[in-house]
Amino acid sequence: MKQNTHNLTGAALLHDPEWNKGTAFTAAERDALCLRGLLPPRVCTPEVQVQRVLGNFERKANDLDRYVYMIGLEDRNETLFYRVVIDHLDKMMPIIYTPTVGQGCQEYGHLFRRPRGLYISAEDRGRIAEVVANWPHDDVRVIVVTDGQRILGLGDLGANGMGIPVGKLSLYTACAGVHPSLTLPITLDVGTNNETLLADPLYIGLPQRRLQGEAYETLLAEFITAVSARYPHVLIQFEDFGTLNAFGLLEKYRNQVCCFNDDIQGTASVTLAGLYTALRITGKPLREQVLLFLGAGEAGTGIANLVVSALTEEGMDEAEARQRCWFVDTRGLVVSSRQDLAAYKRPFAHDHPFLPDFASAVESLRPTAIIGASGQPHMFTRPILAAMARLNERPIVFSLSNPTSKSECTAEEAYCWTDGRAIFASGSPFDPVTCSGQTFYPAQGNNAYIFPGVGLGVLVSGARLVTDEMFMVAAKTLAAEVEEEDLANGRIYPPLSKIREVSAKIGTAVATIAYERGLATMPHPKDLPAAIRAHMYEPVYPNYLGLE
Ligand code: NAD
């Protein structure tokens with residue numbers, strides 16, 4: 001646990017978000033800490049402060065204003081920010097993360113008020129260690145880093161992508177209790193190829209085109225060396241990199257440093273968990289499924305690879321397991337006769353006549369599940385969903401593309417075009433839907449169910465590497481947390497209100513793997529679940545006078 005070793009007083013204390021209590025400083029604290037007169041006289045309880053925040057939050061005209069307001073609160077009073085976020089996760093998650101964070105990133109340069117996180121730019125090459133040394137915290141355990149090339153499904157947003165590492169790390173704290181000071185958001189500003197941003201005088205990044213090839217790779221290598229030197233126990237989460245770089249970086253570094261790619265591995269884990277739960281509804285095992293993916297990128301192939309691992313663990317031959325997963329990309333069905341396939345797609349190129357589009361692939365392959373990870377909206381059309389309902393008693397429809405505007409279909413379309421029989425999950429949240437007199441509660445396949453718990457387990461065990469097995473146990477642990485009552489309402493993930501409990505269990509499961517596989521560097525605690533819980537930060541104000 002972090003020590004309350006502060007020595008701030010007066011205005012400096014009020015302006016330090018980690019230690020500020022705002023109007024909740026007691027009269028005695030105000031005297032002792034030279035705050036008298038610097039705050040309005042009435043002392044507020046934390047509950048009243050929360051009430052004030054919620055009132056302001058509701059009064060904002062739109063979600064982007066709510067995002068700006070919440071970031072501002074995080075900048076002023078971290079404890080209050082996390083109290084509100086944790087206690088109102090359903091309301092806050094779509095604001096501090098997808099979908100609103102997407103708009104936040106698109107307008108980052110225009111909204112810019114105060115810097116958050118660390119920017120490492122192409123101009124810092126040769127002195128990245130100096131830049132990393134400027135970060136004020138000596139103990140950092142989790143870094144989320146992006147180069148802004150593929151922000152959600154919104155494309156290249158360059159340095160504006162900083163909203164993503166900032167948001168993801170807030171979720172580490174809110175969902176798994178990783179102390180905020182142990183987290184470090186980083187944006188690698190390697191340029192942007194986004195013409196609108198390049199022409200925008202308010203753009204916050206270097207107004208130049210992206211580094212590529214060797215220049216890009218040496219910058220990344222220097223970055224990894226610099227952060228590993230200053231923070232030898234850090235977990236590095238790669239986030240929203242362009243597809244080729246994402247696969248390349250993961251391949252290069254996964255056995256060298258403690259790292260993972262959330263778009264590939266975190267998505268895979270949360271989706272596998274959703275499949276496990278959906279199969280409790282259909283009553284059919286994973287080995288009998290035919291999964292058809294739209295989009296053969298990081299998310300899609302990441303999910304398929306984890307499904308293959310799950311099937312081989314059940315005893316299926318790997319080649320047979322791969323046959324359960326099919327892909328349609330921009331050019332059509334991924335088949336062995338195609339010469340245009342990137343290396344990461346080839347393991348899923350099966351012997352089958354080429355088909356030009358998704359609709360014909362549905363008719364030919366008769367999938368039990370369709371999984372959209374294309375970043376393209378409206379691709380699960382009415383005829384496609386009707387075909388899924390014709391082919392399956394309970395068709396599984398996962399429309400994962402983010403933000404909401406990119407979802408392959410809406411929740412309403414998924415339910416209403418399948419006579420209410422779809423088992424549906426989406427990347428961004430949808431409100432409950434009523435069709436044919438029945439109300440459905442759409443599930444969100446939110447990576448936040450997985451990565452914070454995985455990070456917590458890695459942190460407590462001091463795991464040297466992050467393995468696919470850890471994501472597999474995370475998926476199983478998450479699926480096991482879904483209760484019959486959730487299933488009865490069509491919910492294939494637990495309610496967000498349970499997420500800290502879920503993260504604690506995932507953390508325990510992941511740490512257990514680290515200890516069993518000889519990857520842990522921390523001594524095994526006597527009571528691992530208790531040690532995991534003891535690490536979880538609670539947003540409670542320090543009692544300053546008690547410290548003296
Ligand atoms: P990516 O760029 O790596 O992959 C997208 C793939 O879709 C590419 O292979 C592209 O060729 C293909 N594609 C594009 N248009 C297509 C079309 N019209 N038909 C068929 N294929 C098409 O991106 P990614 O990381 O895989 O992410 C894809 C989407 O999934 C994004 O919108 C992202 O936000 C979303 N996502 C959701 C979750 C989640 O729900 N938990 C997690 C990660 C990513």
# chains A, B, ... in the order shown; residues from 1 in each chain; ligands from 1
$ residues_near_ligand --ligand "ligand 1" --cutoff "7 Å" --atoms "only C-alpha atoms and all ligand atoms" --output "PyMOL selection string"
chain A and resi 150+152-153+240+242-243+263-264+267+270+294-300+328-330+373-376+400-403+406+426-428+445-447
$ write_last_selection --atoms "N, CA and C atoms" --output "tab-separated table (two decimals), in the first residue's frame"
chain	number	residue	atom	x	y	z
A	150	ARG	N	-4.52	3.84	-34.21
A	150	ARG	CA	-5.86	3.27	-34.45
A	150	ARG	C	-6.67	3.40	-33.18
A	152	LEU	N	-9.68	3.40	-30.99
A	152	LEU	CA	-10.97	2.71	-31.09
A	152	LEU	C	-11.16	2.34	-32.57
A	153	GLY	N	-12.34	2.60	-33.13
A	153	GLY	CA	-12.51	2.38	-34.57
A	153	GLY	C	-12.39	3.69	-35.34
A	240	ASP	N	-4.24	0.40	-28.83
A	240	ASP	CA	-4.63	1.16	-30.03
A	240	ASP	C	-3.48	1.51	-30.96
A	242	GLY	N	-1.65	0.63	-34.65
A	242	GLY	CA	-2.08	0.11	-35.94
A	242	GLY	C	-1.85	-1.40	-35.98
A	243	THR	N	-2.63	-2.10	-36.81
A	243	THR	CA	-2.64	-3.56	-36.76
A	243	THR	C	-1.25	-4.18	-36.90
A	263	ASP	N	-5.91	-4.87	-27.11
A	263	ASP	CA	-6.81	-5.01	-28.27
A	263	ASP	C	-6.81	-6.45	-28.77
A	264	ILE	N	-5.66	-7.11	-28.63
A	264	ILE	CA	-5.56	-8.49	-29.10
A	264	ILE	C	-5.96	-9.44	-27.96
A	267	THR	N	-9.26	-8.26	-25.45
A	267	THR	CA	-10.50	-8.46	-26.20
A	267	THR	C	-10.80	-9.95	-26.33
A	270	VAL	N	-12.20	-11.29	-22.96
A	270	VAL	CA	-13.57	-10.91	-22.60
A	270	VAL	C	-14.57	-11.56	-23.56
A	294	LEU	N	-16.28	-10.96	-38.78
A	294	LEU	CA	-16.19	-9.90	-39.78
A	294	LEU	C	-15.06	-8.98	-39.33
A	295	GLY	N	-13.97	-8.95	-40.11
A	295	GLY	CA	-12.79	-8.18	-39.71
A	295	GLY	C	-11.74	-9.11	-39.17
A	296	ALA	N	-10.61	-9.15	-39.87
A	296	ALA	CA	-9.53	-10.07	-39.45
A	296	ALA	C	-8.34	-9.27	-38.96
A	297	GLY	N	-8.59	-8.42	-37.96
A	297	GLY	CA	-7.52	-7.59	-37.42
A	297	GLY	C	-7.10	-8.06	-36.04
A	298	GLU	N	-6.70	-7.08	-35.21
A	298	GLU	CA	-6.19	-7.41	-33.87
A	298	GLU	C	-7.25	-8.13	-33.04
A	299	ALA	N	-8.44	-7.52	-32.99
A	299	ALA	CA	-9.48	-8.09	-32.14
A	299	ALA	C	-9.91	-9.46	-32.66
A	300	GLY	N	-10.28	-9.53	-33.93
A	300	GLY	CA	-10.81	-10.77	-34.49
A	300	GLY	C	-9.83	-11.94	-34.38
A	328	VAL	N	-14.05	-13.12	-42.58
A	328	VAL	CA	-14.27	-12.33	-43.79
A	328	VAL	C	-13.56	-10.99	-43.55
A	329	ASP	N	-12.67	-10.62	-44.46
A	329	ASP	CA	-12.03	-9.30	-44.34
A	329	ASP	C	-12.53	-8.40	-45.46
A	330	THR	N	-11.85	-7.30	-45.72
A	330	THR	CA	-12.35	-6.34	-46.72
A	330	THR	C	-12.48	-6.98	-48.10
A	373	ALA	N	-15.76	-7.34	-35.76
A	373	ALA	CA	-14.60	-6.57	-35.25
A	373	ALA	C	-13.95	-5.90	-36.45
A	374	SER	N	-14.78	-5.18	-37.19
A	374	SER	CA	-14.33	-4.58	-38.45
A	374	SER	C	-14.18	-3.07	-38.37
A	375	GLY	N	-14.75	-2.48	-37.33
A	375	GLY	CA	-14.77	-1.02	-37.25
A	375	GLY	C	-15.74	-0.40	-38.26
A	376	GLN	N	-16.60	-1.22	-38.87
A	376	GLN	CA	-17.53	-0.72	-39.91
A	376	GLN	C	-18.97	-0.88	-39.44
A	400	LEU	N	-18.76	-5.97	-31.96
A	400	LEU	CA	-17.79	-5.43	-31.01
A	400	LEU	C	-17.21	-4.07	-31.37
A	401	SER	N	-17.47	-3.60	-32.59
A	401	SER	CA	-16.76	-2.38	-33.00
A	401	SER	C	-17.18	-1.15	-32.20
A	402	ASN	N	-16.19	-0.34	-31.89
A	402	ASN	CA	-16.36	0.87	-31.09
A	402	ASN	C	-15.99	2.09	-31.92
A	403	PRO	N	-16.45	3.29	-31.53
A	403	PRO	CA	-17.50	3.50	-30.54
A	403	PRO	C	-18.87	3.09	-31.09
A	406	LYS	N	-19.84	2.87	-34.70
A	406	LYS	CA	-19.19	1.90	-35.59
A	406	LYS	C	-19.72	0.48	-35.39
A	426	SER	N	-22.05	-6.25	-27.26
A	426	SER	CA	-21.48	-5.19	-28.10
A	426	SER	C	-20.22	-4.64	-27.44
A	427	GLY	N	-19.46	-3.88	-28.22
A	427	GLY	CA	-18.25	-3.26	-27.68
A	427	GLY	C	-18.60	-2.04	-26.84
A	428	SER	N	-19.50	-1.21	-27.36
A	428	SER	CA	-19.95	-0.02	-26.63
A	428	SER	C	-21.34	-0.32	-26.05
A	445	GLY	N	-19.34	-6.30	-23.99
A	445	GLY	CA	-18.10	-7.08	-23.90
A	445	GLY	C	-16.95	-6.12	-23.62
A	446	ASN	N	-16.97	-5.60	-22.43
A	446	ASN	CA	-16.05	-4.52	-22.09
A	446	ASN	C	-14.73	-5.11	-21.59
A	447	ASN	N	-13.62	-4.72	-22.24
A	447	ASN	CA	-12.32	-5.23	-21.81
A	447	ASN	C	-12.02	-4.90	-20.35
$ residues_around --residues "range 63-80 of chain A" --least-positions-apart "5" --cutoff "9 Å" --atoms "only C-alpha atoms" --output "PyMOL selection string"
chain A and resi 14-22+46+49-50+53+56-58+85+92+94-97+100-101+103-104+111+113-114+116+180+538-541
$ closest_residue --among "A:Leu220, A:Ile303, A:Ala386, A:Ala448" --to "Tyr493 in chain A" --atoms "only C-alpha atoms"
A:Ala448
$ residues_around --residues "Pro207 in chain A" --least-positions-apart "5" --cutoff "12 Å" --atoms "only C-alpha atoms" --output "ChimeraX atom specification"
/A:121-123,157-160,189-202
$ residues_around --residues "Leu365 in chain A" --least-positions-apart "2" --cutoff "9 Å" --atoms "only C-alpha atoms" --output "VMD selection string"
chain A and resid 290 292 326 360 to 363 367
$ atom_distance --atom1 "CA of Leu250 in chain A" --atom2 "CA of Tyr344 in chain A"
12.1 Å
$ residues_around --residues "range 499-508 of chain A" --least-positions-apart "4" --cutoff "8 Å" --atoms "only C-alpha atoms" --output "compact mmCIF listing (two decimals) with all heavy atoms, in the first residue's frame"
# COMPACT_ATOMS: atom_id res chain seq x y z
N ALA A 174 -10.27 2.26 -10.94
CA ALA A 174 -11.68 2.12 -10.55
C ALA A 174 -12.08 0.64 -10.45
O ALA A 174 -12.78 0.26 -9.52
CB ALA A 174 -12.57 2.83 -11.56
N CYS A 175 -11.63 -0.18 -11.38
CA CYS A 175 -12.14 -1.56 -11.47
C CYS A 175 -11.29 -2.55 -10.68
O CYS A 175 -11.79 -3.62 -10.32
CB CYS A 175 -12.23 -2.01 -12.92
SG CYS A 175 -13.25 -0.92 -13.93
N ALA A 176 -10.01 -2.26 -10.48
CA ALA A 176 -9.16 -3.24 -9.79
C ALA A 176 -8.37 -2.61 -8.64
O ALA A 176 -7.57 -3.30 -8.00
CB ALA A 176 -8.21 -3.92 -10.76
N GLY A 177 -8.58 -1.33 -8.39
CA GLY A 177 -7.94 -0.72 -7.23
C GLY A 177 -6.43 -0.57 -7.34
O GLY A 177 -5.73 -0.54 -6.33
N TYR A 449 -13.58 -5.69 -17.92
CA TYR A 449 -13.81 -6.86 -17.07
C TYR A 449 -12.51 -7.65 -16.90
O TYR A 449 -12.41 -8.45 -15.99
CB TYR A 449 -14.84 -7.79 -17.70
CG TYR A 449 -16.27 -7.34 -17.54
CD1 TYR A 449 -17.04 -7.02 -18.64
CD2 TYR A 449 -16.86 -7.27 -16.28
CE1 TYR A 449 -18.37 -6.63 -18.50
CE2 TYR A 449 -18.18 -6.87 -16.13
CZ TYR A 449 -18.93 -6.56 -17.25
OH TYR A 449 -20.24 -6.17 -17.09
N ILE A 450 -11.58 -7.48 -17.84
CA ILE A 450 -10.40 -8.34 -17.87
C ILE A 450 -9.10 -7.64 -17.46
O ILE A 450 -8.43 -8.03 -16.51
CB ILE A 450 -10.22 -8.95 -19.29
CG1 ILE A 450 -11.42 -9.83 -19.65
CG2 ILE A 450 -8.90 -9.73 -19.39
CD1 ILE A 450 -11.55 -11.12 -18.87
N PRO A 452 -7.96 -4.91 -15.95
CA PRO A 452 -7.54 -4.43 -14.63
C PRO A 452 -7.22 -5.59 -13.68
O PRO A 452 -6.24 -5.52 -12.93
CB PRO A 452 -8.77 -3.65 -14.15
CG PRO A 452 -9.52 -3.27 -15.39
CD PRO A 452 -9.32 -4.45 -16.30
N GLY A 453 -8.02 -6.66 -13.75
CA GLY A 453 -7.77 -7.81 -12.88
C GLY A 453 -6.48 -8.52 -13.26
O GLY A 453 -5.71 -8.94 -12.39
N VAL A 454 -6.22 -8.63 -14.57
CA VAL A 454 -4.97 -9.25 -15.01
C VAL A 454 -3.79 -8.43 -14.47
O VAL A 454 -2.83 -8.96 -13.90
CB VAL A 454 -4.91 -9.34 -16.56
CG1 VAL A 454 -3.53 -9.75 -17.04
CG2 VAL A 454 -5.96 -10.33 -17.07
N GLY A 455 -3.89 -7.10 -14.61
CA GLY A 455 -2.83 -6.22 -14.13
C GLY A 455 -2.61 -6.37 -12.63
O GLY A 455 -1.47 -6.42 -12.15
N LEU A 456 -3.70 -6.48 -11.89
CA LEU A 456 -3.59 -6.61 -10.43
C LEU A 456 -2.86 -7.91 -10.08
O LEU A 456 -1.99 -7.92 -9.20
CB LEU A 456 -5.00 -6.60 -9.85
CG LEU A 456 -5.15 -6.71 -8.34
CD1 LEU A 456 -4.49 -5.53 -7.63
CD2 LEU A 456 -6.63 -6.77 -7.95
N GLY A 457 -3.20 -8.99 -10.77
CA GLY A 457 -2.54 -10.28 -10.50
C GLY A 457 -1.06 -10.23 -10.85
O GLY A 457 -0.22 -10.77 -10.12
N VAL A 458 -0.74 -9.55 -11.93
CA VAL A 458 0.67 -9.41 -12.36
C VAL A 458 1.42 -8.58 -11.32
O VAL A 458 2.54 -8.92 -10.91
CB VAL A 458 0.73 -8.75 -13.76
CG1 VAL A 458 2.13 -8.26 -14.08
CG2 VAL A 458 0.23 -9.72 -14.82
N VAL A 473 -7.44 -18.08 -18.14
CA VAL A 473 -8.05 -18.22 -16.80
C VAL A 473 -8.89 -16.99 -16.45
O VAL A 473 -9.91 -17.11 -15.77
CB VAL A 473 -7.03 -18.49 -15.65
CG1 VAL A 473 -6.31 -19.79 -15.84
CG2 VAL A 473 -6.08 -17.35 -15.46
N ALA A 474 -8.46 -15.84 -16.97
CA ALA A 474 -9.27 -14.63 -16.72
C ALA A 474 -10.65 -14.81 -17.34
O ALA A 474 -11.68 -14.48 -16.73
CB ALA A 474 -8.57 -13.40 -17.30
N THR A 477 -12.67 -17.26 -15.27
CA THR A 477 -13.06 -16.66 -13.99
C THR A 477 -14.22 -15.69 -14.20
O THR A 477 -15.19 -15.68 -13.43
CB THR A 477 -11.85 -15.91 -13.36
OG1 THR A 477 -10.75 -16.81 -13.33
CG2 THR A 477 -12.16 -15.41 -11.97
N LEU A 478 -14.12 -14.88 -15.26
CA LEU A 478 -15.20 -13.92 -15.53
C LEU A 478 -16.51 -14.66 -15.83
O LEU A 478 -17.56 -14.32 -15.29
CB LEU A 478 -14.80 -13.02 -16.72
CG LEU A 478 -15.86 -12.07 -17.26
CD1 LEU A 478 -16.37 -11.13 -16.18
CD2 LEU A 478 -15.31 -11.24 -18.43
N GLU A 481 -18.49 -15.88 -12.99
CA GLU A 481 -19.13 -14.86 -12.16
C GLU A 481 -20.53 -14.49 -12.65
O GLU A 481 -21.22 -13.68 -12.04
CB GLU A 481 -18.26 -13.61 -12.08
CG GLU A 481 -17.01 -13.79 -11.24
CD GLU A 481 -17.34 -14.23 -9.83
OE1 GLU A 481 -18.06 -13.51 -9.12
OE2 GLU A 481 -16.89 -15.32 -9.43
N PRO A 494 -21.33 -10.20 -15.90
CA PRO A 494 -21.89 -9.77 -14.60
C PRO A 494 -22.17 -8.27 -14.61
O PRO A 494 -21.60 -7.54 -15.43
CB PRO A 494 -20.76 -10.10 -13.60
CG PRO A 494 -19.60 -10.56 -14.38
CD PRO A 494 -19.94 -10.61 -15.83
N PRO A 495 -23.01 -7.78 -13.71
CA PRO A 495 -23.25 -6.33 -13.67
C PRO A 495 -21.96 -5.59 -13.32
O PRO A 495 -21.11 -6.12 -12.59
CB PRO A 495 -24.29 -6.16 -12.56
CG PRO A 495 -24.35 -7.45 -11.85
CD PRO A 495 -23.78 -8.52 -12.71
N THR A 512 -1.99 -16.81 -9.42
CA THR A 512 -1.80 -18.25 -9.20
C THR A 512 -1.03 -18.87 -10.37
O THR A 512 -0.08 -19.63 -10.17
CB THR A 512 -3.17 -18.96 -9.03
OG1 THR A 512 -3.84 -18.33 -7.94
CG2 THR A 512 -3.01 -20.44 -8.76
N LEU A 528 -3.37 -15.68 -0.66
CA LEU A 528 -3.28 -14.89 -1.90
C LEU A 528 -4.52 -13.99 -2.13
O LEU A 528 -4.36 -12.80 -2.39
CB LEU A 528 -3.03 -15.81 -3.10
CG LEU A 528 -2.85 -15.13 -4.46
CD1 LEU A 528 -1.70 -14.13 -4.46
CD2 LEU A 528 -2.63 -16.18 -5.55
N PRO A 529 -5.75 -14.54 -2.01
CA PRO A 529 -6.91 -13.65 -2.22
C PRO A 529 -6.89 -12.45 -1.27
O PRO A 529 -7.21 -11.32 -1.67
CB PRO A 529 -8.11 -14.55 -1.94
CG PRO A 529 -7.62 -15.94 -2.16
CD PRO A 529 -6.17 -15.94 -1.77
N ILE A 532 -4.32 -9.95 -2.49
CA ILE A 532 -4.84 -9.21 -3.65
C ILE A 532 -5.76 -8.09 -3.17
O ILE A 532 -5.62 -6.93 -3.57
CB ILE A 532 -5.62 -10.18 -4.59
CG1 ILE A 532 -4.67 -11.19 -5.24
CG2 ILE A 532 -6.49 -9.43 -5.58
CD1 ILE A 532 -4.01 -10.75 -6.51
N ARG A 533 -6.66 -8.43 -2.26
CA ARG A 533 -7.61 -7.42 -1.78
C ARG A 533 -6.89 -6.30 -1.02
O ARG A 533 -7.27 -5.13 -1.13
CB ARG A 533 -8.68 -8.06 -0.89
CG ARG A 533 -9.75 -8.72 -1.73
CD ARG A 533 -10.72 -9.55 -0.91
NE ARG A 533 -11.26 -10.62 -1.72
CZ ARG A 533 -12.25 -10.48 -2.59
NH1 ARG A 533 -12.81 -9.31 -2.75
NH2 ARG A 533 -12.66 -11.50 -3.30
$ residues_around --residues "Gln323 in chain A" --least-positions-apart "2" --cutoff "10 Å" --atoms "only C-alpha atoms" --output "ChimeraX atom specification"
/A:290-291,308,318-321,325-326,347-351
$ write_last_selection --atoms "N, CA, C and O atoms" --output "compact mmCIF listing (two decimals), in the first residue's frame"
# COMPACT_ATOMS: atom_id res chain seq x y z
N VAL A 290 -19.38 -22.86 -34.75
CA VAL A 290 -18.72 -22.33 -35.95
C VAL A 290 -18.76 -20.81 -35.80
O VAL A 290 -19.84 -20.22 -35.75
N LEU A 291 -17.58 -20.22 -35.66
CA LEU A 291 -17.52 -18.77 -35.44
C LEU A 291 -17.12 -18.09 -36.75
O LEU A 291 -16.13 -18.47 -37.37
N VAL A 308 -8.95 -21.01 -30.10
CA VAL A 308 -8.17 -22.21 -30.49
C VAL A 308 -7.44 -22.77 -29.26
O VAL A 308 -7.46 -23.97 -29.02
N GLU A 318 -5.14 -28.96 -32.90
CA GLU A 318 -5.09 -27.53 -33.22
C GLU A 318 -5.67 -27.22 -34.61
O GLU A 318 -6.42 -26.25 -34.78
N ALA A 319 -5.35 -28.06 -35.60
CA ALA A 319 -5.85 -27.80 -36.96
C ALA A 319 -7.38 -27.84 -36.97
O ALA A 319 -8.04 -26.99 -37.60
N GLU A 320 -7.93 -28.80 -36.24
CA GLU A 320 -9.38 -28.91 -36.18
C GLU A 320 -9.98 -27.69 -35.47
O GLU A 320 -11.01 -27.14 -35.88
N ALA A 321 -9.29 -27.26 -34.41
CA ALA A 321 -9.77 -26.09 -33.65
C ALA A 321 -9.80 -24.85 -34.56
O ALA A 321 -10.75 -24.06 -34.51
N CYS A 325 -13.03 -21.54 -36.72
CA CYS A 325 -12.99 -20.07 -36.81
C CYS A 325 -12.78 -19.64 -38.26
O CYS A 325 -11.80 -20.04 -38.89
N TRP A 326 -13.66 -18.80 -38.76
CA TRP A 326 -13.61 -18.33 -40.14
C TRP A 326 -13.64 -16.80 -40.16
O TRP A 326 -14.23 -16.18 -39.27
N PRO A 347 -3.14 -18.56 -40.55
CA PRO A 347 -3.57 -19.77 -39.82
C PRO A 347 -5.09 -20.02 -39.92
O PRO A 347 -5.55 -21.11 -39.62
N PHE A 348 -5.83 -19.01 -40.37
CA PHE A 348 -7.29 -19.18 -40.47
C PHE A 348 -7.76 -19.23 -41.93
O PHE A 348 -8.94 -19.10 -42.21
N ALA A 349 -6.81 -19.40 -42.85
CA ALA A 349 -7.17 -19.50 -44.28
C ALA A 349 -7.41 -20.98 -44.58
O ALA A 349 -6.48 -21.76 -44.71
N HIS A 350 -8.69 -21.35 -44.66
CA HIS A 350 -9.04 -22.76 -44.83
C HIS A 350 -9.28 -23.10 -46.30
O HIS A 350 -9.45 -22.20 -47.13
N ASP A 351 -9.28 -24.41 -46.58
CA ASP A 351 -9.60 -24.87 -47.94
C ASP A 351 -11.11 -24.75 -48.14
O ASP A 351 -11.88 -25.52 -47.56
$ atom_distance --atom1 "CA of Ser309 in chain A" --atom2 "CA of Thr467 in chain A"
11.9 Å
$ select_by_dssp --residues "range 222-416 of chain A" --states "alpha helix (DSSP H)" --output "VMD selection string"
chain A and resid 222 to 230 243 to 253 267 to 282 298 to 313 318 to 322 358 to 365 382 to 391 411 to 416
$ select_by_dssp --residues "range 175-239 of chain A" --states "strand (DSSP E or B)" --output "mmCIF file with N, CA, C and O atoms, in the first residue's frame"
data_model
loop_
_atom_site.group_PDB
_atom_site.id
_atom_site.type_symbol
_atom_site.label_atom_id
_atom_site.label_comp_id
_atom_site.auth_asym_id
_atom_site.auth_seq_id
_atom_site.Cartn_x
_atom_site.Cartn_y
_atom_site.Cartn_z
ATOM 1 N N THR A 183 0.346 4.263 -11.736
ATOM 2 C CA THR A 183 -0.011 4.137 -13.152
ATOM 3 C C THR A 183 0.580 5.289 -13.969
ATOM 4 O O THR A 183 0.704 6.410 -13.465
ATOM 5 N N LEU A 184 0.946 5.001 -15.197
ATOM 6 C CA LEU A 184 1.552 6.032 -16.053
ATOM 7 C C LEU A 184 1.028 5.914 -17.487
ATOM 8 O O LEU A 184 1.333 4.955 -18.193
ATOM 9 N N PRO A 185 0.217 6.910 -17.922
ATOM 10 C CA PRO A 185 -0.249 6.927 -19.313
ATOM 11 C C PRO A 185 0.834 7.524 -20.224
ATOM 12 O O PRO A 185 1.394 8.571 -19.902
ATOM 13 N N ILE A 186 1.118 6.860 -21.327
ATOM 14 C CA ILE A 186 2.144 7.372 -22.242
ATOM 15 C C ILE A 186 1.615 7.412 -23.671
ATOM 16 O O ILE A 186 0.985 6.468 -24.143
ATOM 17 N N THR A 187 1.884 8.520 -24.342
ATOM 18 C CA THR A 187 1.619 8.605 -25.776
ATOM 19 C C THR A 187 2.935 8.784 -26.503
ATOM 20 O O THR A 187 3.731 9.672 -26.163
ATOM 21 N N LEU A 188 3.164 7.907 -27.466
ATOM 22 C CA LEU A 188 4.344 8.032 -28.315
ATOM 23 C C LEU A 188 3.907 8.848 -29.523
ATOM 24 O O LEU A 188 3.116 8.376 -30.345
ATOM 25 N N ASP A 189 4.368 10.103 -29.570
ATOM 26 C CA ASP A 189 3.977 10.943 -30.703
ATOM 27 C C ASP A 189 4.987 10.723 -31.824
ATOM 28 O O ASP A 189 6.018 11.391 -31.886
ATOM 29 N N LEU A 235 4.415 -3.274 -15.765
ATOM 30 C CA LEU A 235 3.630 -3.984 -16.780
ATOM 31 C C LEU A 235 3.314 -2.967 -17.876
ATOM 32 O O LEU A 235 2.819 -1.875 -17.589
ATOM 33 N N ILE A 236 3.622 -3.326 -19.125
ATOM 34 C CA ILE A 236 3.357 -2.400 -20.240
ATOM 35 C C ILE A 236 2.173 -2.921 -21.052
ATOM 36 O O ILE A 236 2.211 -4.045 -21.554
ATOM 37 N N GLN A 237 1.133 -2.116 -21.134
ATOM 38 C CA GLN A 237 -0.046 -2.493 -21.929
ATOM 39 C C GLN A 237 -0.039 -1.680 -23.222
ATOM 40 O O GLN A 237 -0.124 -0.458 -23.202
ATOM 41 N N PHE A 238 0.083 -2.385 -24.347
ATOM 42 C CA PHE A 238 0.020 -1.707 -25.651
ATOM 43 C C PHE A 238 -1.441 -1.502 -26.019
ATOM 44 O O PHE A 238 -2.251 -2.416 -25.911
#
$ decode --residues "range 270-278 of chain A" --atoms "N, CA and C atoms" --output "tab-separated table (two decimals), in the first residue's frame"
chain	number	residue	atom	x	y	z
A	270	VAL	N	-12.20	-11.29	-22.96
A	270	VAL	CA	-13.57	-10.91	-22.60
A	270	VAL	C	-14.57	-11.56	-23.56
A	271	THR	N	-14.16	-11.73	-24.81
A	271	THR	CA	-15.08	-12.34	-25.78
A	271	THR	C	-15.21	-13.84	-25.53
A	272	LEU	N	-14.09	-14.49	-25.20
A	272	LEU	CA	-14.17	-15.92	-24.87
A	272	LEU	C	-15.08	-16.12	-23.65
A	273	ALA	N	-14.96	-15.23	-22.68
A	273	ALA	CA	-15.84	-15.32	-21.51
A	273	ALA	C	-17.30	-15.20	-21.95
A	274	GLY	N	-17.58	-14.27	-22.85
A	274	GLY	CA	-18.95	-14.08	-23.36
A	274	GLY	C	-19.44	-15.33	-24.09
A	275	LEU	N	-18.54	-15.95	-24.84
A	275	LEU	CA	-18.93	-17.18	-25.55
A	275	LEU	C	-19.25	-18.29	-24.55
A	276	TYR	N	-18.38	-18.45	-23.55
A	276	TYR	CA	-18.64	-19.48	-22.54
A	276	TYR	C	-20.02	-19.28	-21.92
A	277	THR	N	-20.35	-18.02	-21.63
A	277	THR	CA	-21.64	-17.77	-20.98
A	277	THR	C	-22.79	-17.99	-21.96
A	278	ALA	N	-22.59	-17.53	-23.21
A	278	ALA	CA	-23.64	-17.72	-24.21
A	278	ALA	C	-23.93	-19.22	-24.39
